[in-house]
Structure formats: C-alpha cells, structure tokens
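target.pdb follows; it contains PDB, C-alpha atoms (C1' of nucleotides).
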```pdb
ATOM      1  CA  MET F   1     277.257 136.210 144.582  1.00  0.00           C
ATOM      2  CA  THR F   2     277.067 139.733 145.938  1.00  0.00           C
ATOM      3  CA  LYS F   3     273.884 141.750 145.933  1.00  0.00           C
ATOM      4  CA  LYS F   4     275.365 143.998 143.272  1.00  0.00           C
ATOM      5  CA  GLN F   5     276.028 141.025 141.007  1.00  0.00           C
ATOM      6  CA  LYS F   6     272.486 139.802 141.568  1.00  0.00           C
ATOM      7  CA  TYR F   7     271.015 143.148 140.527  1.00  0.00           C
ATOM      8  CA  GLU F   8     273.245 143.234 137.457  1.00  0.00           C
ATOM      9  CA  PHE F   9     272.210 139.726 136.422  1.00  0.00           C
ATOM     10  CA  ILE F  10     268.556 140.588 136.781  1.00  0.00           C
ATOM     11  CA  VAL F  11     268.841 143.880 134.873  1.00  0.00           C
ATOM     12  CA  LYS F  12     270.647 142.122 132.044  1.00  0.00           C
ATOM     13  CA  TYR F  13     268.010 139.384 131.881  1.00  0.00           C
ATOM     14  CA  PHE F  14     265.063 141.783 131.830  1.00  0.00           C
ATOM     15  CA  SER F  15     266.758 144.209 129.427  1.00  0.00           C
ATOM     16  CA  GLU F  16     266.991 141.455 126.849  1.00  0.00           C
ATOM     17  CA  LYS F  17     263.612 139.876 127.512  1.00  0.00           C
ATOM     18  CA  MET F  18     261.631 143.111 127.956  1.00  0.00           C
ATOM     19  CA  PRO F  19     263.583 145.982 126.341  1.00  0.00           C
ATOM     20  CA  ASP F  20     260.683 148.435 126.521  1.00  0.00           C
ATOM     21  CA  PRO F  21     258.194 147.343 129.189  1.00  0.00           C
ATOM     22  CA  LYS F  22     254.999 149.351 129.559  1.00  0.00           C
ATOM     23  CA  THR F  23     251.835 149.322 131.600  1.00  0.00           C
ATOM     24  CA  GLU F  24     248.959 147.249 130.267  1.00  0.00           C
ATOM     25  CA  LEU F  25     246.402 149.809 131.376  1.00  0.00           C
ATOM     26  CA  LYS F  26     244.808 151.541 128.394  1.00  0.00           C
ATOM     27  CA  TYR F  27     245.090 155.319 128.447  1.00  0.00           C
ATOM     28  CA  THR F  28     245.769 158.251 126.143  1.00  0.00           C
ATOM     29  CA  THR F  29     246.240 161.165 128.569  1.00  0.00           C
ATOM     30  CA  PRO F  30     247.682 161.708 132.067  1.00  0.00           C
ATOM     31  CA  TYR F  31     244.124 162.083 133.352  1.00  0.00           C
ATOM     32  CA  GLU F  32     243.153 158.732 131.886  1.00  0.00           C
ATOM     33  CA  LEU F  33     246.144 156.972 133.414  1.00  0.00           C
ATOM     34  CA  LEU F  34     245.395 158.506 136.804  1.00  0.00           C
ATOM     35  CA  VAL F  35     241.822 157.228 136.676  1.00  0.00           C
ATOM     36  CA  ALA F  36     242.940 153.810 135.451  1.00  0.00           C
ATOM     37  CA  VAL F  37     245.527 153.407 138.200  1.00  0.00           C
ATOM     38  CA  VAL F  38     243.057 154.443 140.900  1.00  0.00           C
ATOM     39  CA  LEU F  39     240.634 151.854 139.534  1.00  0.00           C
ATOM     40  CA  SER F  40     243.328 149.172 139.443  1.00  0.00           C
ATOM     41  CA  ALA F  41     243.564 148.722 143.212  1.00  0.00           C
ATOM     42  CA  GLN F  42     242.989 145.043 144.005  1.00  0.00           C
ATOM     43  CA  CYS F  43     241.775 144.504 140.470  1.00  0.00           C
ATOM     44  CA  THR F  44     243.383 143.103 137.340  1.00  0.00           C
ATOM     45  CA  ASP F  45     244.368 145.471 134.526  1.00  0.00           C
ATOM     46  CA  LYS F  46     242.214 143.439 132.188  1.00  0.00           C
ATOM     47  CA  ARG F  47     239.087 144.224 134.187  1.00  0.00           C
ATOM     48  CA  VAL F  48     240.006 147.900 134.431  1.00  0.00           C
ATOM     49  CA  ASN F  49     240.423 148.018 130.653  1.00  0.00           C
ATOM     50  CA  MET F  50     236.898 146.655 130.278  1.00  0.00           C
ATOM     51  CA  VAL F  51     235.298 149.650 131.967  1.00  0.00           C
ATOM     52  CA  THR F  52     237.569 152.546 131.048  1.00  0.00           C
ATOM     53  CA  PRO F  53     236.542 152.934 127.359  1.00  0.00           C
ATOM     54  CA  ASN F  54     232.973 153.755 128.364  1.00  0.00           C
ATOM     55  CA  PHE F  55     234.171 155.751 131.338  1.00  0.00           C
ATOM     56  CA  PHE F  56     236.414 157.976 129.212  1.00  0.00           C
ATOM     57  CA  LYS F  57     233.694 158.403 126.602  1.00  0.00           C
ATOM     58  CA  ARG F  58     231.404 159.767 129.300  1.00  0.00           C
ATOM     59  CA  PHE F  59     234.129 161.576 131.291  1.00  0.00           C
ATOM     60  CA  PRO F  60     236.926 162.477 128.861  1.00  0.00           C
ATOM     61  CA  THR F  61     238.487 165.179 131.057  1.00  0.00           C
ATOM     62  CA  VAL F  62     238.918 166.304 134.640  1.00  0.00           C
ATOM     63  CA  ASP F  63     236.279 168.984 134.117  1.00  0.00           C
ATOM     64  CA  THR F  64     233.644 166.586 132.838  1.00  0.00           C
ATOM     65  CA  LEU F  65     234.375 164.171 135.680  1.00  0.00           C
ATOM     66  CA  ALA F  66     234.057 166.946 138.239  1.00  0.00           C
ATOM     67  CA  GLU F  67     230.541 167.633 137.017  1.00  0.00           C
ATOM     68  CA  GLY F  68     229.503 163.980 137.187  1.00  0.00           C
ATOM     69  CA  SER F  69     227.649 162.527 140.150  1.00  0.00           C
ATOM     70  CA  ILE F  70     229.023 159.805 142.390  1.00  0.00           C
ATOM     71  CA  GLU F  71     226.067 157.647 141.366  1.00  0.00           C
ATOM     72  CA  GLU F  72     226.835 157.925 137.676  1.00  0.00           C
ATOM     73  CA  ILE F  73     230.514 157.206 138.274  1.00  0.00           C
ATOM     74  CA  PHE F  74     229.519 154.196 140.352  1.00  0.00           C
ATOM     75  CA  ASP F  75     227.356 152.809 137.552  1.00  0.00           C
ATOM     76  CA  LEU F  76     230.280 152.972 135.116  1.00  0.00           C
ATOM     77  CA  ILE F  77     232.674 151.118 137.415  1.00  0.00           C
ATOM     78  CA  ARG F  78     230.330 148.812 139.283  1.00  0.00           C
ATOM     79  CA  SER F  79     231.922 145.673 137.872  1.00  0.00           C
ATOM     80  CA  ILE F  80     235.337 146.236 139.426  1.00  0.00           C
ATOM     81  CA  SER F  81     236.567 146.011 143.019  1.00  0.00           C
ATOM     82  CA  TYR F  82     235.376 148.500 145.606  1.00  0.00           C
ATOM     83  CA  PRO F  83     233.120 150.580 143.307  1.00  0.00           C
ATOM     84  CA  ASN F  84     231.694 152.371 146.316  1.00  0.00           C
ATOM     85  CA  ASN F  85     235.019 153.690 147.545  1.00  0.00           C
ATOM     86  CA  LYS F  86     236.431 154.297 144.097  1.00  0.00           C
ATOM     87  CA  SER F  87     233.460 156.300 142.818  1.00  0.00           C
ATOM     88  CA  LYS F  88     233.724 158.606 145.819  1.00  0.00           C
ATOM     89  CA  HIS F  89     237.484 158.863 145.391  1.00  0.00           C
ATOM     90  CA  LEU F  90     237.277 159.718 141.680  1.00  0.00           C
ATOM     91  CA  HIS F  91     234.621 162.325 142.335  1.00  0.00           C
ATOM     92  CA  GLY F  92     236.659 163.921 145.131  1.00  0.00           C
ATOM     93  CA  MET F  93     239.812 163.684 143.055  1.00  0.00           C
ATOM     94  CA  ALA F  94     238.292 165.689 140.214  1.00  0.00           C
ATOM     95  CA  GLN F  95     237.060 168.326 142.664  1.00  0.00           C
ATOM     96  CA  MET F  96     240.495 168.739 144.200  1.00  0.00           C
ATOM     97  CA  LEU F  97     242.273 168.800 140.845  1.00  0.00           C
ATOM     98  CA  LEU F  98     240.114 171.745 139.789  1.00  0.00           C
ATOM     99  CA  LYS F  99     240.233 173.529 143.107  1.00  0.00           C
ATOM    100  CA  SER F 100     243.882 173.117 144.104  1.00  0.00           C
ATOM    101  CA  PHE F 101     245.767 172.232 140.929  1.00  0.00           C
ATOM    102  CA  ASN F 102     244.084 174.263 138.168  1.00  0.00           C
ATOM    103  CA  GLY F 103     242.739 171.094 136.610  1.00  0.00           C
ATOM    104  CA  GLU F 104     246.251 169.796 135.894  1.00  0.00           C
ATOM    105  CA  ILE F 105     247.741 166.525 137.139  1.00  0.00           C
ATOM    106  CA  PRO F 106     250.603 167.435 139.505  1.00  0.00           C
ATOM    107  CA  SER F 107     254.008 165.833 138.947  1.00  0.00           C
ATOM    108  CA  ASP F 108     255.106 165.885 142.581  1.00  0.00           C
ATOM    109  CA  VAL F 109     254.570 162.675 144.542  1.00  0.00           C
ATOM    110  CA  ASP F 110     253.499 164.492 147.709  1.00  0.00           C
ATOM    111  CA  GLU F 111     250.988 166.611 145.804  1.00  0.00           C
ATOM    112  CA  LEU F 112     249.638 163.561 144.000  1.00  0.00           C
ATOM    113  CA  GLN F 113     249.104 161.842 147.334  1.00  0.00           C
ATOM    114  CA  MET F 114     246.892 164.690 148.482  1.00  0.00           C
ATOM    115  CA  LEU F 115     244.286 163.535 145.963  1.00  0.00           C
ATOM    116  CA  PRO F 116     241.529 161.245 147.260  1.00  0.00           C
ATOM    117  CA  GLY F 117     242.168 157.661 146.222  1.00  0.00           C
ATOM    118  CA  VAL F 118     245.821 158.324 145.436  1.00  0.00           C
ATOM    119  CA  GLY F 119     248.233 156.637 147.821  1.00  0.00           C
ATOM    120  CA  ARG F 120     251.952 156.175 147.600  1.00  0.00           C
ATOM    121  CA  LYS F 121     251.837 153.452 144.974  1.00  0.00           C
ATOM    122  CA  THR F 122     249.522 155.326 142.593  1.00  0.00           C
ATOM    123  CA  ALA F 123     251.462 158.568 143.056  1.00  0.00           C
ATOM    124  CA  ASN F 124     254.699 156.804 142.166  1.00  0.00           C
ATOM    125  CA  VAL F 125     253.164 155.278 139.043  1.00  0.00           C
ATOM    126  CA  ILE F 126     252.027 158.695 137.763  1.00  0.00           C
ATOM    127  CA  ALA F 127     255.337 160.353 138.634  1.00  0.00           C
ATOM    128  CA  SER F 128     257.241 157.615 136.859  1.00  0.00           C
ATOM    129  CA  VAL F 129     255.110 156.878 133.789  1.00  0.00           C
ATOM    130  CA  ILE F 130     253.835 160.386 133.031  1.00  0.00           C
ATOM    131  CA  PHE F 131     256.633 162.578 134.348  1.00  0.00           C
ATOM    132  CA  ASN F 132     259.622 160.251 133.944  1.00  0.00           C
ATOM    133  CA  LYS F 133     260.693 160.602 137.562  1.00  0.00           C
ATOM    134  CA  PRO F 134     262.739 157.903 139.319  1.00  0.00           C
ATOM    135  CA  ALA F 135     259.815 156.857 141.528  1.00  0.00           C
ATOM    136  CA  MET F 136     259.499 153.153 142.340  1.00  0.00           C
ATOM    137  CA  ALA F 137     255.885 152.085 142.692  1.00  0.00           C
ATOM    138  CA  VAL F 138     255.603 148.953 144.802  1.00  0.00           C
ATOM    139  CA  ASP F 139     252.465 146.913 144.288  1.00  0.00           C
ATOM    140  CA  THR F 140     251.710 143.346 145.298  1.00  0.00           C
ATOM    141  CA  HIS F 141     253.809 141.948 142.425  1.00  0.00           C
ATOM    142  CA  VAL F 142     256.837 144.132 143.017  1.00  0.00           C
ATOM    143  CA  PHE F 143     256.755 143.335 146.722  1.00  0.00           C
ATOM    144  CA  ARG F 144     256.491 139.583 146.210  1.00  0.00           C
ATOM    145  CA  VAL F 145     258.929 139.233 143.302  1.00  0.00           C
ATOM    146  CA  SER F 146     261.600 141.435 144.898  1.00  0.00           C
ATOM    147  CA  LYS F 147     261.442 139.393 148.055  1.00  0.00           C
ATOM    148  CA  ARG F 148     261.577 136.049 146.274  1.00  0.00           C
ATOM    149  CA  LEU F 149     264.505 137.040 144.102  1.00  0.00           C
ATOM    150  CA  GLY F 150     266.362 138.255 147.157  1.00  0.00           C
ATOM    151  CA  LEU F 151     266.537 141.876 146.007  1.00  0.00           C
ATOM    152  CA  THR F 152     264.854 142.994 149.231  1.00  0.00           C
ATOM    153  CA  PRO F 153     265.403 140.219 151.768  1.00  0.00           C
ATOM    154  CA  ASN F 154     264.605 142.343 154.798  1.00  0.00           C
ATOM    155  CA  ALA F 155     261.617 144.279 153.453  1.00  0.00           C
ATOM    156  CA  LYS F 156     258.599 143.933 155.715  1.00  0.00           C
ATOM    157  CA  ASN F 157     256.302 146.288 153.799  1.00  0.00           C
ATOM    158  CA  PRO F 158     256.060 148.061 150.431  1.00  0.00           C
ATOM    159  CA  LEU F 159     257.863 151.149 151.717  1.00  0.00           C
ATOM    160  CA  ASP F 160     260.868 149.075 152.793  1.00  0.00           C
ATOM    161  CA  THR F 161     260.846 147.502 149.341  1.00  0.00           C
ATOM    162  CA  GLU F 162     260.682 150.873 147.623  1.00  0.00           C
ATOM    163  CA  ARG F 163     263.641 152.283 149.551  1.00  0.00           C
ATOM    164  CA  GLU F 164     265.771 149.214 148.980  1.00  0.00           C
ATOM    165  CA  LEU F 165     265.045 149.012 145.256  1.00  0.00           C
ATOM    166  CA  VAL F 166     265.648 152.732 144.718  1.00  0.00           C
ATOM    167  CA  LYS F 167     268.992 152.334 146.452  1.00  0.00           C
ATOM    168  CA  HIS F 168     270.211 149.536 144.191  1.00  0.00           C
ATOM    169  CA  PHE F 169     268.760 150.196 140.753  1.00  0.00           C
ATOM    170  CA  LYS F 170     270.332 152.984 138.757  1.00  0.00           C
ATOM    171  CA  GLU F 171     268.093 156.002 138.486  1.00  0.00           C
ATOM    172  CA  GLU F 172     267.489 155.600 134.784  1.00  0.00           C
ATOM    173  CA  GLN F 173     266.570 151.928 135.289  1.00  0.00           C
ATOM    174  CA  ILE F 174     263.814 152.543 137.815  1.00  0.00           C
ATOM    175  CA  PRO F 175     260.845 153.155 135.480  1.00  0.00           C
ATOM    176  CA  ASN F 176     261.691 149.988 133.548  1.00  0.00           C
ATOM    177  CA  ALA F 177     262.455 148.000 136.702  1.00  0.00           C
ATOM    178  CA  HIS F 178     259.003 148.803 138.031  1.00  0.00           C
ATOM    179  CA  HIS F 179     257.352 147.273 134.973  1.00  0.00           C
ATOM    180  CA  TRP F 180     259.807 144.391 134.754  1.00  0.00           C
ATOM    181  CA  LEU F 181     258.984 143.203 138.239  1.00  0.00           C
ATOM    182  CA  ILE F 182     255.240 143.600 137.707  1.00  0.00           C
ATOM    183  CA  LEU F 183     255.204 141.765 134.383  1.00  0.00           C
ATOM    184  CA  HIS F 184     257.467 139.046 135.729  1.00  0.00           C
ATOM    185  CA  GLY F 185     255.085 138.607 138.654  1.00  0.00           C
ATOM    186  CA  ARG F 186     252.040 138.574 136.420  1.00  0.00           C
ATOM    187  CA  TYR F 187     253.267 136.095 133.834  1.00  0.00           C
ATOM    188  CA  THR F 188     255.938 133.965 135.502  1.00  0.00           C
ATOM    189  CA  CYS F 189     256.431 134.455 139.221  1.00  0.00           C
ATOM    190  CA  PHE F 190     252.793 133.817 140.176  1.00  0.00           C
ATOM    191  CA  ALA F 191     251.743 134.434 143.742  1.00  0.00           C
ATOM    192  CA  ARG F 192     250.384 130.923 144.328  1.00  0.00           C
ATOM    193  CA  LYS F 193     252.617 128.740 142.186  1.00  0.00           C
ATOM    194  CA  PRO F 194     255.610 130.425 140.558  1.00  0.00           C
ATOM    195  CA  ASN F 195     256.536 128.996 137.164  1.00  0.00           C
ATOM    196  CA  CYS F 196     260.219 128.432 137.907  1.00  0.00           C
ATOM    197  CA  LYS F 197     260.590 126.102 134.915  1.00  0.00           C
ATOM    198  CA  GLU F 198     260.069 129.000 132.525  1.00  0.00           C
ATOM    199  CA  CYS F 199     262.091 131.466 134.570  1.00  0.00           C
ATOM    200  CA  GLY F 200     265.589 132.505 133.567  1.00  0.00           C
ATOM    201  CA  LEU F 201     266.315 134.024 136.938  1.00  0.00           C
ATOM    202  CA  THR F 202     266.562 130.805 138.931  1.00  0.00           C
ATOM    203  CA  PRO F 203     270.394 130.966 139.038  1.00  0.00           C
ATOM    204  CA  VAL F 204     270.132 134.056 141.250  1.00  0.00           C
ATOM    205  CA  CYS F 205     266.709 133.583 142.845  1.00  0.00           C
ATOM    206  CA  SER F 206     266.706 133.133 146.624  1.00  0.00           C
ATOM    207  CA  TYR F 207     263.274 131.508 146.589  1.00  0.00           C
ATOM    208  CA  TYR F 208     264.279 128.958 143.941  1.00  0.00           C
ATOM    209  CA  LEU F 209     267.683 128.222 145.414  1.00  0.00           C
ATOM    210  CA  ASP F 210     266.283 127.749 148.908  1.00  0.00           C
ATOM    211  CA  SER F 211     263.396 125.539 147.820  1.00  0.00           C
ATOM    212  CA  SER F 212     265.476 123.366 145.484  1.00  0.00           C
ATOM    213  CA  SER F 213     268.183 122.669 148.042  1.00  0.00           C
ATOM    214  CA  MET F 214     265.751 120.932 150.394  1.00  0.00           C
TER     215      MET F 214
ATOM    216  C1'  DA H   1     239.954 129.718 149.182  1.00  0.00           C
ATOM    217  C1'  DT H   2     243.046 132.971 147.133  1.00  0.00           C
ATOM    218  C1'  DC H   3     244.445 136.568 144.327  1.00  0.00           C
ATOM    219  C1'  DC H   4     244.331 141.046 141.453  1.00  0.00           C
ATOM    220  C1'  DC H   5     249.493 147.287 139.616  1.00  0.00           C
ATOM    221  C1'  DG H   6     245.671 149.736 147.284  1.00  0.00           C
ATOM    222  C1'  DA H   7     243.736 153.376 150.038  1.00  0.00           C
ATOM    223  C1'  DG H   8     241.689 155.192 154.128  1.00  0.00           C
ATOM    224  C1'  DG H   9     240.652 155.005 158.761  1.00  0.00           C
ATOM    225  C1'  DG H  10     241.043 153.299 163.546  1.00  0.00           C
TER     226       DG H  10
ATOM    227  C1'  DC J   1     250.164 147.900 163.331  1.00  0.00           C
ATOM    228  C1'  DC J   2     245.315 146.260 162.108  1.00  0.00           C
ATOM    229  C1'  DC J   3     240.751 146.224 159.656  1.00  0.00           C
ATOM    230  C1'  DT J   4     237.389 147.308 155.968  1.00  0.00           C
ATOM    231  C1'  DC J   5     236.006 148.155 151.355  1.00  0.00           C
ATOM    232  C1'  DT J   6     234.186 144.174 148.154  1.00  0.00           C
ATOM    233  C1'  DG J   7     233.814 142.118 142.179  1.00  0.00           C
ATOM    234  C1'  DG J   8     235.344 138.717 139.340  1.00  0.00           C
ATOM    235  C1'  DA J   9     238.597 134.928 137.834  1.00  0.00           C
ATOM    236  C1'  DT J  10     240.985 130.727 138.965  1.00  0.00           C
TER     237       DT J  10
END
```

What would the structure in this file look like if it were written as structure tokens?
Amino acid sequence: MTKKQKYEFIVKYFSEKMPDPKTELKYTTPYELLVAVVLSAQCTDKRVNMVTPNFFKRFPTVDTLAEGSIEEIFDLIRSISYPNNKSKHLHGMAQMLLKSFNGEIPSDVDELQMLPGVGRKTANVIASVIFNKPAMAVDTHVFRVSKRLGLTPNAKNPLDTERELVKHFKEEQIPNAHHWLILHGRYTCFARKPNCKECGLTPVCSYYLDSSSM
DNA sequence: ATCCCGAGGG
DNA sequence: CCCTCTGGAT
C-alpha cells in the first residue's frame, strides 16, 4: 500500500462517515470563534462551551471586550485552563484588533499570529473555518492520529505534521480533513486507549497493524 | 496519573 | 529544544 493509497482510503472512509464535519465550539461570529479557540488551549470544547454563553453576553464584540478589565475577563473564564494567561491574552487581543486591524479579524495567518494568545494552531483554525483557506491546524489530536495512521510517520512536531498533511491532502479537502482527524481522535482514536474495535481504518493504520502483528 | 482543538518565554 | 501556565474530567 502506497502512501497515496492510504490517504485515498482514509478520505473515502471519512467522507462517508462524516460528510460535513464541523467544530464543536459554539459561536455565531468570527470574533466569537476566535475567543473560543483561544480559550480551548489544553481544555475540552465542552468546558469552553460552558463559559462562552455568559462571556459573549457580557462581551458580544471586540469593542466591548477591549473596554473590559482583565479581572472581569478572568472571572468569566476562571473555570477553564490557564485563566490567568488567557484573560491577559484576550484583553491584549482586543486592544490589538482595534489598534492595528480596525476592529476586524484578519484573514492572513501571519497577521492572526500577531495577536496575543494566537499561535500557529489557532491562526490556522480561523483561516480555515472563517475564511475557507487551506490552512491545516494541528492540535494534539491531529498530531497523534496522523502519526498513528501513518500519514505522517516522520513528524516530530506539529509543524512537521502540518507540512506533511498539506502536501498530501487535496487543497479542498484540508478544512474537512482537519475536523475529521480531530473528531476521530476525540471519539475513537483516544490518546490513552484507542478504540480499534470500532475503527474502520485498521486496514491501513500503522499503529494497529504494528501492534496486532506482535 | 494523564489528558484536553496551545502559547509564550527562556 | 525545554519549561511554565494550571482547571476539571477520567
């Protein structure tokens, strides 16, 4: 089985199982998604979705957030990971959006990464989900699942993974592929104990094939 | 004890 | 490259 055949098998499988995969973060505007993704670092989407309704009621726009204090932001997100860092990041992010980007969310990955709290992964999510760009966001799930399947056998870090995946998936497949790999990691290919019994990808999965042959 | 849609700083 | 931030679920 060549690498190309492996990618084709996997695309076919996911296309049928998840024809229209989407993020599980709740949002209604680009601003809301940006906030939600920043909050999602090392935190489950479910927990983020527990705090964002109140957060967006209090801070519905970039302008309102920019006027809020770090302390008030902290109080609204205190139940998720790293509230100290994230409240400072969100506050600084709103300031920079007003000052340097006219209050609009930029579509360029490099510009997005200039924002406090926005790294490569978050920037790629916004570029892909909001602006439909072929940006491959690599989080913990994408990194792990890609490696196990054998899509990125030599990747040593998320950036390696991103480059390899972008090279092999067709451009129009990338936004879906991002969500496919995340959702597969979240509901089947668990970090601790992957549920290979319920997985239809075992015929092409390096992790499964290696572990079952011993 | 380990993991969750990471980012920033040294 | 490494470390720190640091809450809640399993």

8 Å contact set for DG7 in chain J, all atoms listed in the file, chain neighbours under 5 positions out, as a ChimeraX atom specification: /F:79-82

Take the selection from the previous step and output its residues with C-alpha atoms, as a compact mmCIF listing (two decimals), keeping the file's coordinate frame.
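Dumped everything to selection15.txt:
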```
# COMPACT_ATOMS: atom_id res chain seq x y z
CA SER F 79 231.92 145.67 137.87
CA ILE F 80 235.34 146.24 139.43
CA SER F 81 236.57 146.01 143.02
CA TYR F 82 235.38 148.50 145.61
```

Which residues come within 10 Å of DT2 in chain H, counting only C-alpha atoms (C1' of nucleotides), excluding same-chain residues fewer than 4 positions away, as a PDB file with C-alpha atoms (C1' of nucleotides), keeping the file's coordinate frame?
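Full text of around.pdb as output:
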```pdb
ATOM      1  CA  ALA F 191     251.743 134.434 143.742  1.00  0.00           C
ATOM      2  CA  ARG F 192     250.384 130.923 144.328  1.00  0.00           C
TER       3      ARG F 192
ATOM      4  C1'  DT J  10     240.985 130.727 138.965  1.00  0.00           C
TER       5       DT J  10
END
```

Residue IDs satisfying the PyMOL selection byres ((chain F) within 8 of (chain H)), as a list of chain:residue names: F:Val37, F:Ser40, F:Ala41, F:Gln42, F:Cys43, F:Thr44, F:Asp45, F:Gly117, F:Val118, F:Gly119, F:Lys121, F:Asp139, F:Thr140, F:His141, F:Ile182, F:Ala191

Pick out the chain J residues within 9 Å of chain F. Count all atoms listed in the file. Give them as a compact mmCIF listing (two decimals) with C-alpha atoms (C1' of nucleotides), in the coordinates of the input.
```
# COMPACT_ATOMS: atom_id res chain seq x y z
C1' DC J 5 236.01 148.16 151.35
C1' DT J 6 234.19 144.17 148.15
C1' DG J 7 233.81 142.12 142.18
C1' DG J 8 235.34 138.72 139.34
```

Given the file above and the PyMOL selection byres ((chain F and resi 194) around 12), which residues are selected, and can you give them as a ChimeraX atom specification? /F:141,144-145,148-149,184-193,195-199,201-202,205,207-208,211

Work out how far CA of Lys3 in chain F is from CA of Glu164 in chain F, in Å to one decimal. 11.4 Å

When you look at Ala66 in chain F with a cut-off of 12 Å (counting only C-alpha atoms (C1' of nucleotides)), what residues show up, excluding the ones that are within fewer than 2 positions of it in the same chain? I need them as a PDB file with C-alpha atoms, keeping the file's coordinate frame.
```
ATOM      1  CA  ARG F  58     231.404 159.767 129.300  1.00  0.00           C
ATOM      2  CA  PHE F  59     234.129 161.576 131.291  1.00  0.00           C
ATOM      3  CA  PRO F  60     236.926 162.477 128.861  1.00  0.00           C
ATOM      4  CA  THR F  61     238.487 165.179 131.057  1.00  0.00           C
ATOM      5  CA  VAL F  62     238.918 166.304 134.640  1.00  0.00           C
ATOM      6  CA  ASP F  63     236.279 168.984 134.117  1.00  0.00           C
ATOM      7  CA  THR F  64     233.644 166.586 132.838  1.00  0.00           C
ATOM      8  CA  GLY F  68     229.503 163.980 137.187  1.00  0.00           C
ATOM      9  CA  SER F  69     227.649 162.527 140.150  1.00  0.00           C
ATOM     10  CA  ILE F  70     229.023 159.805 142.390  1.00  0.00           C
ATOM     11  CA  GLU F  72     226.835 157.925 137.676  1.00  0.00           C
ATOM     12  CA  ILE F  73     230.514 157.206 138.274  1.00  0.00           C
ATOM     13  CA  SER F  87     233.460 156.300 142.818  1.00  0.00           C
ATOM     14  CA  LYS F  88     233.724 158.606 145.819  1.00  0.00           C
ATOM     15  CA  HIS F  89     237.484 158.863 145.391  1.00  0.00           C
ATOM     16  CA  LEU F  90     237.277 159.718 141.680  1.00  0.00           C
ATOM     17  CA  HIS F  91     234.621 162.325 142.335  1.00  0.00           C
ATOM     18  CA  GLY F  92     236.659 163.921 145.131  1.00  0.00           C
ATOM     19  CA  MET F  93     239.812 163.684 143.055  1.00  0.00           C
ATOM     20  CA  ALA F  94     238.292 165.689 140.214  1.00  0.00           C
ATOM     21  CA  GLN F  95     237.060 168.326 142.664  1.00  0.00           C
ATOM     22  CA  MET F  96     240.495 168.739 144.200  1.00  0.00           C
ATOM     23  CA  LEU F  97     242.273 168.800 140.845  1.00  0.00           C
ATOM     24  CA  LEU F  98     240.114 171.745 139.789  1.00  0.00           C
ATOM     25  CA  LYS F  99     240.233 173.529 143.107  1.00  0.00           C
ATOM     26  CA  GLY F 103     242.739 171.094 136.610  1.00  0.00           C
TER      27      GLY F 103
END
```

Coordinates-based distance that separates CA of Leu65 in chain F from CA of Ala135 in chain F (Å, one decimal):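 The value is 27.1 Å.
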
Just the number, please: distance in Å from CA of Gln113 in chain F to CA of Asn54 in chain F, one decimal. 26.2 Å

Applied to the shown file, which residues does the PyMOL selection byres ((chain F and resi 175) around 9) return, written as an NGL selection string? :F and (21 or 125 or 128-129 or 132-137 or 171-174 or 176-180)

Residues of the last selection are to be written out with C-alpha atoms, as a PDB file, keeping the file's coordinate frame.
```pdb
ATOM      1  CA  PRO F  21     258.194 147.343 129.189  1.00  0.00           C
ATOM      2  CA  VAL F 125     253.164 155.278 139.043  1.00  0.00           C
ATOM      3  CA  SER F 128     257.241 157.615 136.859  1.00  0.00           C
ATOM      4  CA  VAL F 129     255.110 156.878 133.789  1.00  0.00           C
ATOM      5  CA  ASN F 132     259.622 160.251 133.944  1.00  0.00           C
ATOM      6  CA  LYS F 133     260.693 160.602 137.562  1.00  0.00           C
ATOM      7  CA  PRO F 134     262.739 157.903 139.319  1.00  0.00           C
ATOM      8  CA  ALA F 135     259.815 156.857 141.528  1.00  0.00           C
ATOM      9  CA  MET F 136     259.499 153.153 142.340  1.00  0.00           C
ATOM     10  CA  ALA F 137     255.885 152.085 142.692  1.00  0.00           C
ATOM     11  CA  GLU F 171     268.093 156.002 138.486  1.00  0.00           C
ATOM     12  CA  GLU F 172     267.489 155.600 134.784  1.00  0.00           C
ATOM     13  CA  GLN F 173     266.570 151.928 135.289  1.00  0.00           C
ATOM     14  CA  ILE F 174     263.814 152.543 137.815  1.00  0.00           C
ATOM     15  CA  ASN F 176     261.691 149.988 133.548  1.00  0.00           C
ATOM     16  CA  ALA F 177     262.455 148.000 136.702  1.00  0.00           C
ATOM     17  CA  HIS F 178     259.003 148.803 138.031  1.00  0.00           C
ATOM     18  CA  HIS F 179     257.352 147.273 134.973  1.00  0.00           C
ATOM     19  CA  TRP F 180     259.807 144.391 134.754  1.00  0.00           C
TER      20      TRP F 180
END
```

How big is the axis-aligned box around the listed atoms of range 5-9 of chain J once 4 Å is added on each side, and where is its centre? Give both in Å to one decimal, as lines of an AutoDock Vina configuration file.
```
center_x = 236.2
center_y = 141.5
center_z = 144.6
size_x = 12.8
size_y = 21.2
size_z = 21.5
```
